[in-house]
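Heads up: the structure comes next, in structure tokens.
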Amino acid sequence: MNAPPPSSDRSLLAQGWAGLALFMAVGFVLESLMAWKTPAYLDDPIRRELLRLAHTHGTLLHALLLVLGATEPRLARPVPAGAIRCLRLGAVLLPLGFLFGGLWHPEGDPGHAIWLVPAGALLALVGVFGVAFTALAREGARQPR
């Protein structure tokens, strides 16, 4: 029988699964709005585009957290906790910026929440680079975090 993963791996997997469920549900709602030909969704191209971007980025970034949770224990070295925190925070801020920027926006522009997108993207990028550098590191003794 396999040993249970460390608690940090479990929380990473929990966030990944919860976010994946949430943003897949957002996708279902968007498809339903399209099927019902809801004017508030179909007649507003900014809203439609930003909500699609929220669904896509949220789903993919949370799937990335699941991949990290599954592969991190197999790396030669532990991924720095800061890189994991950056990736986890970026996976939340980036899609929420699209979501809230699309729900409440003035005429012709995304809402103010769109400023969460570049912050989230930068955090996610820093996290991914941290994981990549760890994965590329030479074989060494794996030490607990």
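Every chain in the structure tokens has a letter given in the order shown (A, B, ...), and although residue numbers restart at 1 in each chain, ligands are simply numbered from 1 in the order shown.
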| query | In chain A, what's helix (DSSP H, G or I) per DSSP? Answer as a PyMOL selection string? | reply | chain A and resi 7-35+39-42+45-74+81-103+112-136
Tell me, counting only C-alpha atoms, for each residue of region 73-125 of chain A within 12 Å of region 30-44 of chain A, which pair of atoms is nearest and how far apart they are in Å to one decimal, in rows ordered by chain and increasing number, as a tab-separated table.
residue	atom	partner	partner_atom	distance
A:Leu99	CA	A:Leu30	CA	11.6
A:Gly102	CA	A:Asp44	CA	9.5
A:Leu103	CA	A:Tyr41	CA	9.6
A:Trp104	CA	A:Asp44	CA	11.5
A:His105	CA	A:Asp44	CA	10.4
A:Pro106	CA	A:Asp44	CA	11.2
A:Glu107	CA	A:Asp44	CA	9.6
A:Gly108	CA	A:Asp44	CA	9.4
A:Asp109	CA	A:Asp44	CA	11.1
A:Pro110	CA	A:Asp44	CA	11.2
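Minimum atom-to-atom distance to Asp9 (chain A), evaluated using only C-alpha atoms, belongs to A:Leu68 out of A:Ala21, A:Leu89, A:Ala124, A:Leu68.
Using only C-alpha atoms, the nearest neighbour of Arg85 (chain A) within the list A:Leu60, A:Gly111, A:Val29, A:Leu65 is A:Leu65.
What separates CA of Ala121 (chain A) from CA of Leu20 (chain A) is a distance of 17.6 Å.
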| query | Nearest to Leu22 (chain A) among A:Val67, A:Gly127, A:Leu96, A:Pro80, with distances taken over only C-alpha atoms: which residue is it? | reply | A:Leu96
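If only C-alpha atoms are the atoms counted, then among A:Leu125, A:Ala113, A:Val26, A:Ala137 the closest residue to Arg88 (chain A) is A:Leu125.
Atom pair CA of Phe98 (chain A) / CA of Leu50 (chain A): separated by 5.2 Å.
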| remark: For Thr56 (chain A), the closest of A:Ala91, A:Ile84, A:Ile114, A:Ala132 counting only C-alpha atoms is A:Ala91
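Once Leu93 (chain A) and its same-chain neighbours fewer than 3 positions away are set aside, Leu89, Gly90, Leu96, Gly97, Leu116, Val117, Ala119 and Gly120 of chain A remain within 8 Å of it when counting only C-alpha atoms.
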With a distance cut-off of 9 Å and only C-alpha atoms, select the neighbouring residues of Gly27 (chain A), excluding the residue or stretch itself and same-chain residues fewer than 6 positions from it, and output the selection as an mmCIF file with N, CA and C atoms, in the first residue's frame.
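Saved result, selection_33.cif, follows:
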data_model
loop_
_atom_site.group_PDB
_atom_site.id
_atom_site.type_symbol
_atom_site.label_atom_id
_atom_site.label_comp_id
_atom_site.auth_asym_id
_atom_site.auth_seq_id
_atom_site.Cartn_x
_atom_site.Cartn_y
_atom_site.Cartn_z
ATOM 1 N N LEU A 51 -15.392 36.000 -19.889
ATOM 2 C CA LEU A 51 -15.877 34.832 -19.157
ATOM 3 C C LEU A 51 -15.315 33.536 -19.755
ATOM 4 N N ARG A 52 -15.177 33.499 -21.066
ATOM 5 C CA ARG A 52 -14.532 32.325 -21.686
ATOM 6 C C ARG A 52 -13.066 32.213 -21.250
ATOM 7 N N ALA A 54 -11.831 33.308 -18.457
ATOM 8 C CA ALA A 54 -11.833 32.876 -17.055
ATOM 9 C C ALA A 54 -11.988 31.363 -16.967
ATOM 10 N N HIS A 55 -12.938 30.834 -17.717
ATOM 11 C CA HIS A 55 -13.166 29.379 -17.723
ATOM 12 C C HIS A 55 -11.924 28.629 -18.204
ATOM 13 N N THR A 56 -11.362 29.063 -19.298
ATOM 14 C CA THR A 56 -10.208 28.369 -19.880
ATOM 15 C C THR A 56 -8.983 28.429 -18.974
ATOM 16 N N THR A 59 -9.549 26.476 -15.624
ATOM 17 C CA THR A 59 -9.501 25.018 -15.809
ATOM 18 C C THR A 59 -8.067 24.550 -16.039
#
